[in-house]
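Enquirer: Coordinates in final-v1.json, JSON, C-alpha atoms and all ligand atoms, are listed below.
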[["chain", "number", "residue", "atom", "x", "y", "z"],
["A", 1, "MET", "CA", 63.09, 51.79, -9.81],
["A", 2, "ARG", "CA", 66.18, 51.09, -11.71],
["A", 3, "GLU", "CA", 66.08, 48.63, -14.55],
["A", 4, "PRO", "CA", 69.17, 47.75, -16.52],
["A", 5, "VAL", "CA", 68.15, 49.75, -19.55],
["A", 6, "ASP", "CA", 69.20, 49.77, -23.14],
["A", 7, "LEU", "CA", 68.21, 53.10, -24.56],
["A", 8, "THR", "CA", 69.27, 52.27, -28.08],
["A", 9, "GLY", "CA", 66.18, 52.32, -30.20],
["A", 10, "ARG", "CA", 63.96, 53.27, -27.29],
["A", 11, "VAL", "CA", 64.45, 56.99, -26.91],
["A", 12, "GLY", "CA", 62.06, 58.94, -29.07],
["A", 13, "HIS", "CA", 60.26, 55.87, -30.42],
["A", 14, "SER", "CA", 56.60, 55.10, -29.95],
["A", 15, "LYS", "CA", 57.42, 52.04, -27.88],
["A", 16, "GLY", "CA", 60.25, 53.91, -26.19],
["A", 17, "LEU", "CA", 60.65, 55.43, -22.79],
["A", 18, "ARG", "CA", 57.99, 57.93, -21.93],
["A", 19, "GLY", "CA", 60.12, 60.88, -20.83],
["A", 20, "ASP", "CA", 61.00, 63.71, -23.18],
["A", 21, "TYR", "CA", 64.63, 63.11, -24.10],
["A", 22, "SER", "CA", 64.67, 65.76, -26.82],
["A", 23, "ARG", "CA", 65.95, 68.66, -24.75],
["A", 24, "MET", "CA", 68.53, 67.10, -22.50],
["A", 25, "ARG", "CA", 72.15, 68.09, -22.09],
["A", 26, "ALA", "CA", 75.12, 65.80, -22.75],
["A", 27, "ASP", "CA", 74.89, 64.43, -19.19],
["A", 28, "TYR", "CA", 71.16, 63.70, -19.74],
["A", 29, "THR", "CA", 69.98, 66.42, -17.37],
["A", 30, "VAL", "CA", 67.04, 68.70, -18.20],
["A", 31, "ASP", "CA", 65.36, 71.69, -16.60],
["A", 32, "GLN", "CA", 62.45, 70.86, -14.36],
["A", 33, "ASP", "CA", 60.27, 73.40, -16.19],
["A", 34, "TYR", "CA", 57.84, 73.67, -13.31],
["A", 35, "ALA", "CA", 55.17, 75.51, -15.30],
["A", 36, "THR", "CA", 54.45, 72.39, -17.35],
["A", 37, "TYR", "CA", 52.87, 70.63, -14.36],
["A", 38, "THR", "CA", 49.10, 70.95, -14.63],
["A", 39, "GLU", "CA", 46.56, 71.15, -11.83],
["A", 40, "VAL", "CA", 45.79, 67.48, -12.51],
["A", 41, "HIS", "CA", 49.47, 66.63, -12.01],
["A", 42, "GLN", "CA", 49.56, 68.55, -8.74],
["A", 43, "ARG", "CA", 46.44, 66.80, -7.53],
["A", 44, "THR", "CA", 47.98, 63.43, -8.40],
["A", 45, "TRP", "CA", 51.03, 64.34, -6.32],
["A", 46, "ARG", "CA", 48.92, 65.39, -3.33],
["A", 47, "GLN", "CA", 46.80, 62.25, -3.46],
["A", 48, "LEU", "CA", 49.74, 59.90, -3.85],
["A", 49, "TYR", "CA", 51.53, 61.71, -1.06],
["A", 50, "ALA", "CA", 48.61, 61.70, 1.36],
["A", 51, "ARG", "CA", 47.93, 58.01, 0.86],
["A", 52, "GLN", "CA", 51.53, 56.99, 1.33],
["A", 53, "ARG", "CA", 52.23, 59.43, 4.17],
["A", 54, "GLU", "CA", 49.71, 57.60, 6.35],
["A", 55, "LEU", "CA", 51.41, 54.28, 5.77],
["A", 56, "VAL", "CA", 55.06, 55.05, 6.46],
["A", 57, "PRO", "CA", 54.99, 55.42, 10.28],
["A", 58, "GLY", "CA", 55.84, 52.04, 11.77],
["A", 59, "ARG", "CA", 56.85, 50.66, 8.37],
["A", 60, "ALA", "CA", 59.60, 52.93, 7.07],
["A", 61, "CYS", "CA", 62.98, 53.03, 8.82],
["A", 62, "ALA", "CA", 63.82, 55.81, 11.27],
["A", 63, "ALA", "CA", 66.22, 57.62, 8.92],
["A", 64, "TYR", "CA", 63.49, 57.86, 6.33],
["A", 65, "LEU", "CA", 60.93, 59.34, 8.71],
["A", 66, "LYS", "CA", 63.44, 61.82, 10.08],
["A", 67, "ALA", "CA", 64.29, 63.10, 6.60],
["A", 68, "LEU", "CA", 60.63, 63.34, 5.67],
["A", 69, "ASP", "CA", 60.18, 65.72, 8.61],
["A", 70, "VAL", "CA", 62.92, 67.92, 7.18],
["A", 71, "LEU", "CA", 61.40, 67.81, 3.71],
["A", 72, "GLU", "CA", 57.98, 68.66, 5.06],
["A", 73, "THR", "CA", 59.28, 72.06, 6.14],
["A", 74, "LEU", "CA", 59.22, 72.63, 2.35],
["A", 75, "ASP", "CA", 55.52, 71.74, 2.08],
["A", 76, "TYR", "CA", 56.57, 68.51, 0.44],
["A", 77, "GLY", "CA", 53.08, 67.06, 0.53],
["A", 78, "ARG", "CA", 51.30, 70.05, -0.99],
["A", 79, "ALA", "CA", 52.89, 70.33, -4.42],
["A", 80, "ILE", "CA", 55.42, 68.57, -6.62],
["A", 81, "PRO", "CA", 58.75, 69.54, -5.03],
["A", 82, "ARG", "CA", 61.08, 72.01, -6.68],
["A", 83, "PHE", "CA", 64.57, 70.67, -7.28],
["A", 84, "ASP", "CA", 66.24, 73.87, -6.10],
["A", 85, "ASP", "CA", 64.50, 73.80, -2.70],
["A", 86, "VAL", "CA", 65.26, 70.16, -2.06],
["A", 87, "ASN", "CA", 68.85, 70.55, -3.20],
["A", 88, "THR", "CA", 69.48, 73.26, -0.63],
["A", 89, "LYS", "CA", 68.50, 70.85, 2.16],
["A", 90, "LEU", "CA", 70.23, 67.87, 0.64],
["A", 91, "ARG", "CA", 73.53, 69.68, 0.15],
["A", 92, "GLU", "CA", 73.46, 70.66, 3.83],
["A", 93, "ALA", "CA", 72.71, 67.10, 4.94],
["A", 94, "THR", "CA", 75.01, 64.95, 2.82],
["A", 95, "ARG", "CA", 76.56, 67.10, 0.06],
["A", 96, "TRP", "CA", 74.34, 65.37, -2.49],
["A", 97, "GLU", "CA", 72.10, 66.96, -5.06],
["A", 98, "LEU", "CA", 69.33, 65.85, -7.34],
["A", 99, "ALA", "CA", 69.83, 66.05, -11.09],
["A", 100, "PRO", "CA", 66.57, 66.43, -13.05],
["A", 101, "VAL", "CA", 66.41, 63.86, -15.88],
["A", 102, "PRO", "CA", 63.77, 62.74, -18.42],
["A", 103, "GLY", "CA", 63.61, 59.17, -17.07],
["A", 104, "LEU", "CA", 65.72, 56.03, -17.08],
["A", 105, "LEU", "CA", 69.31, 56.53, -18.16],
["A", 106, "PRO", "CA", 71.98, 54.38, -19.79],
["A", 107, "ASP", "CA", 74.02, 52.59, -17.14],
["A", 108, "ASP", "CA", 77.24, 54.54, -17.58],
["A", 109, "VAL", "CA", 75.46, 57.90, -17.34],
["A", 110, "PHE", "CA", 73.56, 56.80, -14.26],
["A", 111, "PHE", "CA", 76.69, 55.52, -12.52],
["A", 112, "ALA", "CA", 78.66, 58.65, -13.36],
["A", 113, "HIS", "CA", 76.01, 60.83, -11.70],
["A", 114, "LEU", "CA", 75.99, 58.71, -8.55],
["A", 115, "ALA", "CA", 79.77, 58.69, -8.39],
["A", 116, "GLN", "CA", 79.59, 62.50, -8.27],
["A", 117, "ARG", "CA", 76.92, 62.49, -5.58],
["A", 118, "ARG", "CA", 74.14, 63.49, -7.94],
["A", 119, "PHE", "CA", 70.94, 61.48, -7.89],
["A", 120, "PRO", "CA", 69.17, 61.37, -11.27],
["A", 121, "THR", "CA", 65.55, 62.24, -10.53],
["A", 122, "THR", "CA", 62.71, 61.95, -13.02],
["A", 123, "VAL", "CA", 60.69, 65.10, -13.73],
["A", 124, "TRP", "CA", 57.42, 63.72, -15.11],
["A", 125, "ILE", "CA", 54.47, 62.48, -13.07],
["A", 126, "ARG", "CA", 52.05, 59.65, -13.86],
["A", 127, "GLU", "CA", 48.61, 60.31, -15.37],
["A", 128, "PRO", "CA", 45.46, 59.67, -13.29],
["A", 129, "GLU", "CA", 44.71, 56.38, -15.08],
["A", 130, "GLU", "CA", 48.05, 54.96, -13.91],
["A", 131, "PHE", "CA", 47.60, 56.14, -10.33],
["A", 132, "ASP", "CA", 48.38, 52.72, -8.83],
["A", 133, "TYR", "CA", 50.83, 51.28, -11.25],
["A", 134, "ILE", "CA", 53.58, 52.63, -13.44],
["A", 135, "VAL", "CA", 56.23, 50.73, -15.35],
["A", 136, "GLU", "CA", 58.94, 53.38, -15.19],
["A", 137, "PRO", "CA", 59.87, 55.51, -12.20],
["A", 138, "ASP", "CA", 58.22, 58.93, -12.03],
["A", 139, "VAL", "CA", 58.74, 62.01, -9.88],
["A", 140, "PHE", "CA", 56.69, 60.51, -7.04],
["A", 141, "HIS", "CA", 58.72, 57.33, -6.87],
["A", 142, "ASP", "CA", 61.93, 59.33, -6.88],
["A", 143, "PHE", "CA", 60.99, 62.11, -4.45],
["A", 144, "PHE", "CA", 58.97, 60.00, -2.05],
["A", 145, "GLY", "CA", 60.96, 56.78, -2.27],
["A", 146, "HIS", "CA", 64.58, 57.74, -2.87],
["A", 147, "VAL", "CA", 65.17, 61.32, -1.81],
["A", 148, "PRO", "CA", 64.57, 60.97, 1.96],
["A", 149, "MET", "CA", 67.05, 58.09, 2.13],
["A", 150, "ILE", "CA", 69.79, 60.21, 0.52],
["A", 151, "PHE", "CA", 69.65, 62.40, 3.65],
["A", 152, "ASP", "CA", 71.22, 59.51, 5.53],
["A", 153, "PRO", "CA", 75.04, 59.85, 5.56],
["A", 154, "GLN", "CA", 75.68, 56.12, 5.19],
["A", 155, "ILE", "CA", 73.22, 55.57, 2.38],
["A", 156, "ALA", "CA", 74.65, 58.67, 0.71],
["A", 157, "ASP", "CA", 78.15, 57.18, 0.85],
["A", 158, "TYR", "CA", 76.89, 53.77, -0.26],
["A", 159, "LEU", "CA", 75.26, 55.29, -3.33],
["A", 160, "GLN", "CA", 78.42, 57.10, -4.29],
["A", 161, "ALA", "CA", 80.44, 53.89, -3.86],
["A", 162, "TYR", "CA", 77.81, 52.09, -5.92],
["A", 163, "GLY", "CA", 78.22, 54.58, -8.76],
["A", 164, "GLU", "CA", 81.99, 54.15, -8.73],
["A", 165, "GLY", "CA", 81.52, 50.39, -8.53],
["A", 166, "GLY", "CA", 79.16, 50.49, -11.49],
["A", 167, "LEU", "CA", 81.70, 52.13, -13.76],
["A", 168, "LYS", "CA", 84.14, 49.42, -12.73],
["A", 169, "ALA", "CA", 81.61, 46.57, -13.11],
["A", 170, "ALA", "CA", 80.95, 47.69, -16.67],
["A", 171, "ARG", "CA", 84.59, 46.94, -17.49],
["A", 172, "LEU", "CA", 84.57, 43.63, -15.61],
["A", 173, "GLY", "CA", 81.31, 42.18, -16.92],
["A", 174, "GLY", "CA", 79.66, 42.47, -13.52],
["A", 175, "LEU", "CA", 76.68, 44.67, -14.34],
["A", 176, "LYS", "CA", 74.07, 41.93, -14.00],
["A", 177, "TYR", "CA", 75.18, 41.22, -10.44],
["A", 178, "LEU", "CA", 75.48, 44.83, -9.49],
["A", 179, "ALA", "CA", 71.98, 45.55, -10.79],
["A", 180, "ARG", "CA", 70.64, 42.87, -8.47],
["A", 181, "LEU", "CA", 72.43, 44.44, -5.54],
["A", 182, "TYR", "CA", 70.80, 47.78, -6.30],
["A", 183, "TRP", "CA", 67.44, 46.13, -6.64],
["A", 184, "TYR", "CA", 67.62, 44.24, -3.36],
["A", 185, "THR", "CA", 69.01, 47.16, -1.38],
["A", 186, "ILE", "CA", 68.22, 50.63, -2.73],
["A", 187, "GLU", "CA", 64.90, 49.60, -4.31],
["A", 188, "PHE", "CA", 63.60, 46.77, -2.11],
["A", 189, "GLY", "CA", 65.79, 46.69, 0.97],
["A", 190, "LEU", "CA", 64.64, 46.18, 4.54],
["A", 191, "VAL", "CA", 66.59, 47.08, 7.69],
["A", 192, "ARG", "CA", 66.07, 45.60, 11.13],
["A", 193, "GLU", "CA", 65.20, 48.19, 13.77],
["A", 194, "GLY", "CA", 64.25, 47.19, 17.31],
["A", 195, "GLY", "CA", 63.99, 43.61, 16.09],
["A", 196, "GLU", "CA", 61.46, 44.46, 13.37],
["A", 197, "PRO", "CA", 61.89, 44.84, 9.62],
["A", 198, "ARG", "CA", 61.51, 48.38, 8.31],
["A", 199, "ALA", "CA", 61.63, 49.59, 4.72],
["A", 200, "TYR", "CA", 64.48, 51.65, 3.30],
["A", 201, "GLY", "CA", 64.05, 50.60, -0.35],
["A", 202, "ALA", "CA", 62.38, 53.17, -2.58],
["A", 203, "GLY", "CA", 60.31, 50.65, -4.53],
["A", 204, "ILE", "CA", 58.70, 49.58, -1.27],
["A", 205, "LEU", "CA", 58.39, 53.05, 0.24],
["A", 206, "SER", "CA", 56.57, 54.45, -2.79],
["A", 207, "SER", "CA", 54.09, 51.56, -3.13],
["A", 208, "PRO", "CA", 51.12, 51.30, -0.76],
["A", 209, "ALA", "CA", 50.53, 47.60, -1.31],
["A", 210, "GLU", "CA", 54.14, 46.49, -1.33],
["A", 211, "LEU", "CA", 54.96, 48.47, 1.79],
["A", 212, "ARG", "CA", 52.54, 46.35, 3.79],
["A", 213, "HIS", "CA", 53.45, 43.17, 1.96],
["A", 214, "ALA", "CA", 57.19, 43.59, 2.47],
["A", 215, "VAL", "CA", 57.15, 44.68, 6.09],
["A", 216, "GLU", "CA", 54.32, 42.73, 7.67],
["A", 217, "ALA", "CA", 52.83, 40.02, 5.44],
["A", 218, "GLU", "CA", 53.09, 36.54, 6.97],
["A", 219, "GLY", "CA", 54.12, 34.78, 3.80],
["A", 220, "SER", "CA", 56.86, 37.18, 2.67],
["A", 221, "HIS", "CA", 60.29, 35.60, 2.49],
["A", 222, "ARG", "CA", 62.55, 37.90, 4.49],
["A", 223, "VAL", "CA", 66.11, 36.71, 4.79],
["A", 224, "ALA", "CA", 69.18, 38.12, 6.45],
["A", 225, "PHE", "CA", 71.25, 40.05, 3.92],
["A", 226, "ASP", "CA", 73.93, 38.00, 2.21],
["A", 227, "LEU", "CA", 75.85, 39.81, -0.51],
["A", 228, "ILE", "CA", 76.52, 36.82, -2.74],
["A", 229, "ARG", "CA", 73.04, 35.37, -2.29],
["A", 230, "ALA", "CA", 71.51, 38.71, -3.33],
["A", 231, "MET", "CA", 73.74, 38.96, -6.38],
["A", 232, "GLN", "CA", 72.74, 35.45, -7.47],
["A", 233, "THR", "CA", 69.03, 36.13, -7.22],
["A", 234, "ARG", "CA", 66.84, 37.15, -10.15],
["A", 235, "TYR", "CA", 64.11, 39.67, -9.49],
["A", 236, "LEU", "CA", 60.62, 40.45, -10.68],
["A", 237, "ILE", "CA", 59.83, 43.81, -12.19],
["A", 238, "ASP", "CA", 56.05, 43.46, -12.47],
["A", 239, "ASP", "CA", 55.03, 41.87, -9.16],
["A", 240, "PHE", "CA", 55.83, 42.09, -5.46],
["A", 241, "GLN", "CA", 59.28, 40.75, -4.70],
["A", 242, "LYS", "CA", 59.43, 37.13, -3.60],
["A", 243, "THR", "CA", 62.49, 37.67, -1.43],
["A", 244, "TYR", "CA", 63.52, 40.63, 0.70],
["A", 245, "PHE", "CA", 67.01, 40.99, 2.14],
["A", 246, "VAL", "CA", 67.20, 42.45, 5.62],
["A", 247, "ILE", "CA", 70.31, 44.32, 6.78],
["A", 248, "ASP", "CA", 71.13, 45.03, 10.43],
["A", 249, "SER", "CA", 72.34, 48.55, 9.74],
["A", 250, "PHE", "CA", 73.40, 50.82, 6.91],
["A", 251, "ALA", "CA", 76.95, 50.51, 8.24],
["A", 252, "GLN", "CA", 76.77, 46.77, 7.56],
["A", 253, "LEU", "CA", 75.65, 47.41, 4.00],
["A", 254, "PHE", "CA", 78.47, 49.87, 3.41],
["A", 255, "GLU", "CA", 81.13, 47.63, 4.96],
["A", 256, "GLU", "CA", 80.10, 44.40, 3.25],
["A", 257, "THR", "CA", 80.10, 46.05, -0.16],
["A", 258, "ALA", "CA", 83.36, 47.95, 0.33],
["A", 259, "PRO", "CA", 85.82, 45.18, -0.72],
["A", 260, "ASP", "CA", 86.94, 44.92, -4.33],
["A", 261, "PHE", "CA", 84.36, 42.98, -6.34],
["A", 262, "SER", "CA", 86.65, 41.91, -9.22],
["A", 263, "LEU", "CA", 87.10, 38.33, -8.03],
["A", 264, "LEU", "CA", 83.55, 38.13, -6.77],
["A", 265, "TYR", "CA", 82.20, 38.75, -10.28],
["A", 266, "ARG", "CA", 84.30, 35.90, -11.61],
["A", 267, "ALA", "CA", 83.16, 33.59, -8.82],
["A", 268, "LEU", "CA", 79.53, 34.49, -9.51],
["A", 269, "GLU", "CA", 79.87, 33.32, -13.09],
["A", 270, "ARG", "CA", 80.38, 29.82, -11.72],
["A", 271, "LEU", "CA", 77.60, 29.93, -9.14],
["A", 272, "PRO", "CA", 74.00, 29.07, -10.00],
["A", 273, "GLU", "CA", 71.45, 31.78, -10.69],
["A", 274, "LEU", "CA", 68.69, 31.69, -8.11],
["A", 275, "GLU", "CA", 65.03, 32.19, -8.92],
["A", 276, "ALA", "CA", 63.28, 35.14, -7.34],
["A", 277, "ASP", "CA", 61.34, 32.79, -5.05],
["A", 278, "ALA", "CA", 64.18, 30.44, -4.12],
["A", 279, "HIS", "CA", 64.32, 29.22, -0.52],
["A", 280, "LEU", "CA", 67.73, 27.93, 0.49],
["A", 281, "PRO", "CA", 68.55, 25.83, 3.57],
["A", 282, "THR", "CA", 71.26, 28.39, 4.30],
["A", 283, "ASP", "CA", 68.84, 31.36, 4.28],
["A", 284, "ARG", "CA", 68.75, 32.95, 7.68],
["A", 285, "ASP", "CA", 65.16, 33.86, 8.37],
["A", 286, "ALA", "CA", 64.92, 37.52, 9.25],
["A", 287, "GLY", "CA", 61.52, 36.99, 10.82],
["A", 288, "ARG", "CA", 58.83, 39.55, 11.16],
["B", 1, "LIG", "N1", 83.27, 47.50, -3.71],
["B", 1, "LIG", "C1", 82.76, 47.40, -5.04],
["B", 1, "LIG", "C2", 83.90, 47.13, -6.04],
["B", 1, "LIG", "O1", 85.03, 47.25, -5.73],
["B", 1, "LIG", "C3", 82.02, 48.66, -5.45],
["B", 1, "LIG", "C4", 80.68, 48.81, -4.80],
["B", 1, "LIG", "C5", 80.52, 49.52, -3.61],
["B", 1, "LIG", "C6", 79.59, 48.23, -5.37],
["B", 1, "LIG", "C7", 79.26, 49.63, -3.04],
["B", 1, "LIG", "C8", 78.35, 48.36, -4.80],
["B", 1, "LIG", "C9", 78.18, 49.06, -3.64],
["B", 1, "LIG", "O2", 83.63, 46.79, -7.16],
["B", 2, "FE", "FE", 63.99, 53.72, -8.05]]
What's the structure tokens form of this structure?
Ligand code: PHE
Ligand code: FE

Expert:
Amino acid sequence: MREPVDLTGRVGHSKGLRGDYSRMRADYTVDQDYATYTEVHQRTWRQLYARQRELVPGRACAAYLKALDVLETLDYGRAIPRFDDVNTKLREATRWELAPVPGLLPDDVFFAHLAQRRFPTTVWIREPEEFDYIVEPDVFHDFFGHVPMIFDPQIADYLQAYGEGGLKAARLGGLKYLARLYWYTIEFGLVREGGEPRAYGAGILSSPAELRHAVEAEGSHRVAFDLIRAMQTRYLIDDFQKTYFVIDSFAQLFEETAPDFSLLYRALERLPELEADAHLPTDRDAGR
């Protein structure tokens, strides 16, 4: 997940973010410190992995499943992955690497990492009592949901462009719109493959219930991707999404987001905000 986050007053406070931000470097990275994972943590990983691994065939996009095969040569399902091992594979595939971080980051730090082809990846794992639901992203969400998609060359380039675009949007007052784009693509995006919707968004891929809901539920509102429509649309952070945007290909996503957004941000200021569950006459149904 990626929430627009204001860390002021949150880091290190009782109501703050749950990661340990006390030992990070200036760029917010930490050491994974593998020895701190307990047997309970490892069991949580294996159980989350096994449950989700069964669900992805036929629901995740082809690029995702292909990368998972590569990652499984590292025994991905058996223990919490080690950053160094994954980074070796990822560098070969797309020249990306994962940067271990305590949790959510301030926008500018997050964007700067992406712009340098580094994906900030959370080190902690949920406790057994939060097995089904966490508020902040943990190591399972990041490694199971995001990492396989970064093996895809087009998604890899899109994420870098997004990071560069984020630094620019911060200067132009466009962060709200850009956050929605991230949400509706990298977190909750669907892609059409062989006429059927398949998940490429990490929030879907790492959630057993939402994976089924997003890809196959009758009532889910799946619409053809429209850049401006997505940027106008609010999103829910504590429920299944009400609207999913379906792209035809990762090339389409890259190309439609490549133009300069400066004027677009100004135009969006004058367009209405859309509710998460809005249905518009202009929505092109992306079907099942
Ligand atoms: N093209 C956008 C801009 O000029 C940057 C961007 C690229 C944003 C890809 C999101 C995704 O601002
Ligand atoms: Fe995420």

Enquirer: Extract, using only C-alpha atoms, all DNA, RNA and protein residues at most 10 Å from Leu190 in chain A, discarding same-chain residues fewer than 2 positions from it, and format them as a ChimeraX atom specification.

Expert: /A:59-61,184-188,192-193,196-201,204,214-215,222-225,244-249,286

Enquirer: Let me see if you get this right: every residue at most 6 Å from ligand LIG 1 (chain B), counting only C-alpha atoms and all ligand atoms, written as an MDAnalysis selection string.

Expert: chainID A and resid 158 161:162 165 257:261

Enquirer: Taking all atoms listed in the file into account, list the residues no farther than 8 Å from ligand FE 2 (chain B), as a list in words.

Expert: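 After applying the 8 Å limit, what remains is Met1, Arg2, Pro137, His141, Asp142, Gly145, His146, Ile186, Glu187, Ala202 and Gly203 of chain A.
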
Enquirer: What is the CA of Val101 in chain A to CA of Leu178 in chain A distance in Å?

Expert: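 Those two atoms sit 22.0 Å apart.
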
Enquirer: Identify which of the residues A:Glu136, A:Glu164, A:Asp33, A:Glu127 lies closest to Pro100 in chain A, counting all atoms listed in the file when measuring atom-to-atom distances.

Expert: A:Asp33

Enquirer: From the list A:Ile237, A:Gly189, A:Ala251, A:Glu97, which residue is nearest Ile155 in chain A when using all atoms listed in the file?

Expert: A:Ala251

Enquirer: So, counting all atoms listed in the file, which residue among A:Leu274, A:Ala156, A:Ala179, A:Leu68 is closest to Leu253 in chain A?

Expert: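 Result for the nearest residue to Leu253 in chain A: A:Ala156.
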
Enquirer: Find the residues near range 72-78 of chain A: any atom within 12 Å, counting all atoms listed in the file, skip ones fewer than 5 places away on the same chain, and give them as number ranges by chain.

Expert: A: 39, 41-54, 65-67, 83-89, 140, 143-144, 147-148

Enquirer: How many Å lie between CA of His213 in chain A and CA of Gln241 in chain A, rounded to one decimal?

Expert: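 Here the two named atoms are 9.2 Å from each other.
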
Enquirer: Quick one: of A:Phe131, A:Tyr265, A:Trp96, A:Tyr34, who's nearest to Pro153 in chain A, counting only C-alpha atoms?

Expert: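 Of A:Phe131, A:Tyr265, A:Trp96, A:Tyr34, the one nearest Pro153 in chain A, counting only C-alpha atoms, is A:Trp96.
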
Enquirer: For a quick check of understanding, using all atoms listed in the file, which of A:Leu159, A:Leu90, A:Leu268, A:Ala276 has the smallest distance to His113 in chain A?

Expert: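 Using all atoms listed in the file, His113 in chain A sits closest to A:Leu159.
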
Enquirer: What would range 255-274 of chain A look like with N, CA and C atoms restored, written as a PDB file, in the frame of the given file?

Expert:
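Contents of the output file part-v1.pdb:
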ATOM      1  N   GLU A 255      79.904  48.401   4.707  1.00  0.00           N
ATOM      2  CA  GLU A 255      81.130  47.630   4.960  1.00  0.00           C
ATOM      3  C   GLU A 255      81.192  46.356   4.116  1.00  0.00           C
ATOM      4  N   GLU A 256      80.071  45.669   4.000  1.00  0.00           N
ATOM      5  CA  GLU A 256      80.100  44.400   3.250  1.00  0.00           C
ATOM      6  C   GLU A 256      80.262  44.607   1.745  1.00  0.00           C
ATOM      7  N   THR A 257      79.951  45.801   1.267  1.00  0.00           N
ATOM      8  CA  THR A 257      80.100  46.050  -0.160  1.00  0.00           C
ATOM      9  C   THR A 257      81.381  46.832  -0.485  1.00  0.00           C
ATOM     10  N   ALA A 258      82.145  47.149   0.555  1.00  0.00           N
ATOM     11  CA  ALA A 258      83.360  47.950   0.330  1.00  0.00           C
ATOM     12  C   ALA A 258      84.496  47.169  -0.348  1.00  0.00           C
ATOM     13  N   PRO A 259      84.690  45.874  -0.076  1.00  0.00           N
ATOM     14  CA  PRO A 259      85.820  45.180  -0.720  1.00  0.00           C
ATOM     15  C   PRO A 259      85.729  45.179  -2.246  1.00  0.00           C
ATOM     16  N   ASP A 260      86.854  44.982  -2.871  1.00  0.00           N
ATOM     17  CA  ASP A 260      86.940  44.920  -4.330  1.00  0.00           C
ATOM     18  C   ASP A 260      86.124  43.747  -4.876  1.00  0.00           C
ATOM     19  N   PHE A 261      85.257  44.018  -5.823  1.00  0.00           N
ATOM     20  CA  PHE A 261      84.360  42.980  -6.340  1.00  0.00           C
ATOM     21  C   PHE A 261      84.942  42.195  -7.530  1.00  0.00           C
ATOM     22  N   SER A 262      86.132  42.531  -7.983  1.00  0.00           N
ATOM     23  CA  SER A 262      86.650  41.910  -9.220  1.00  0.00           C
ATOM     24  C   SER A 262      86.571  40.388  -9.180  1.00  0.00           C
ATOM     25  N   LEU A 263      87.092  39.795  -8.108  1.00  0.00           N
ATOM     26  CA  LEU A 263      87.100  38.330  -8.030  1.00  0.00           C
ATOM     27  C   LEU A 263      85.703  37.782  -7.779  1.00  0.00           C
ATOM     28  N   LEU A 264      84.928  38.544  -7.057  1.00  0.00           N
ATOM     29  CA  LEU A 264      83.550  38.130  -6.770  1.00  0.00           C
ATOM     30  C   LEU A 264      82.760  37.953  -8.076  1.00  0.00           C
ATOM     31  N   TYR A 265      82.923  38.878  -9.008  1.00  0.00           N
ATOM     32  CA  TYR A 265      82.200  38.750 -10.280  1.00  0.00           C
ATOM     33  C   TYR A 265      82.585  37.465 -10.998  1.00  0.00           C
ATOM     34  N   ARG A 266      83.875  37.126 -10.927  1.00  0.00           N
ATOM     35  CA  ARG A 266      84.300  35.900 -11.610  1.00  0.00           C
ATOM     36  C   ARG A 266      83.747  34.659 -10.914  1.00  0.00           C
ATOM     37  N   ALA A 267      83.716  34.723  -9.582  1.00  0.00           N
ATOM     38  CA  ALA A 267      83.160  33.590  -8.820  1.00  0.00           C
ATOM     39  C   ALA A 267      81.664  33.430  -9.123  1.00  0.00           C
ATOM     40  N   LEU A 268      80.974  34.551  -9.253  1.00  0.00           N
ATOM     41  CA  LEU A 268      79.530  34.490  -9.510  1.00  0.00           C
ATOM     42  C   LEU A 268      79.208  33.820 -10.842  1.00  0.00           C
ATOM     43  N   GLU A 269      80.086  33.973 -11.795  1.00  0.00           N
ATOM     44  CA  GLU A 269      79.870  33.320 -13.090  1.00  0.00           C
ATOM     45  C   GLU A 269      79.738  31.812 -12.926  1.00  0.00           C
ATOM     46  N   ARG A 270      80.377  31.266 -11.914  1.00  0.00           N
ATOM     47  CA  ARG A 270      80.380  29.820 -11.720  1.00  0.00           C
ATOM     48  C   ARG A 270      79.336  29.363 -10.711  1.00  0.00           C
ATOM     49  N   LEU A 271      78.659  30.299 -10.091  1.00  0.00           N
ATOM     50  CA  LEU A 271      77.600  29.930  -9.140  1.00  0.00           C
ATOM     51  C   LEU A 271      76.258  29.908  -9.850  1.00  0.00           C
ATOM     52  N   PRO A 272      75.301  29.114  -9.345  1.00  0.00           N
ATOM     53  CA  PRO A 272      74.000  29.070 -10.000  1.00  0.00           C
ATOM     54  C   PRO A 272      73.236  30.390  -9.845  1.00  0.00           C
ATOM     55  N   GLU A 273      72.409  30.686 -10.833  1.00  0.00           N
ATOM     56  CA  GLU A 273      71.450  31.780 -10.690  1.00  0.00           C
ATOM     57  C   GLU A 273      70.328  31.276  -9.801  1.00  0.00           C
ATOM     58  N   LEU A 274      69.802  32.121  -8.965  1.00  0.00           N
ATOM     59  CA  LEU A 274      68.690  31.690  -8.110  1.00  0.00           C
ATOM     60  C   LEU A 274      67.409  32.367  -8.589  1.00  0.00           C
TER      61      LEU A 274
END
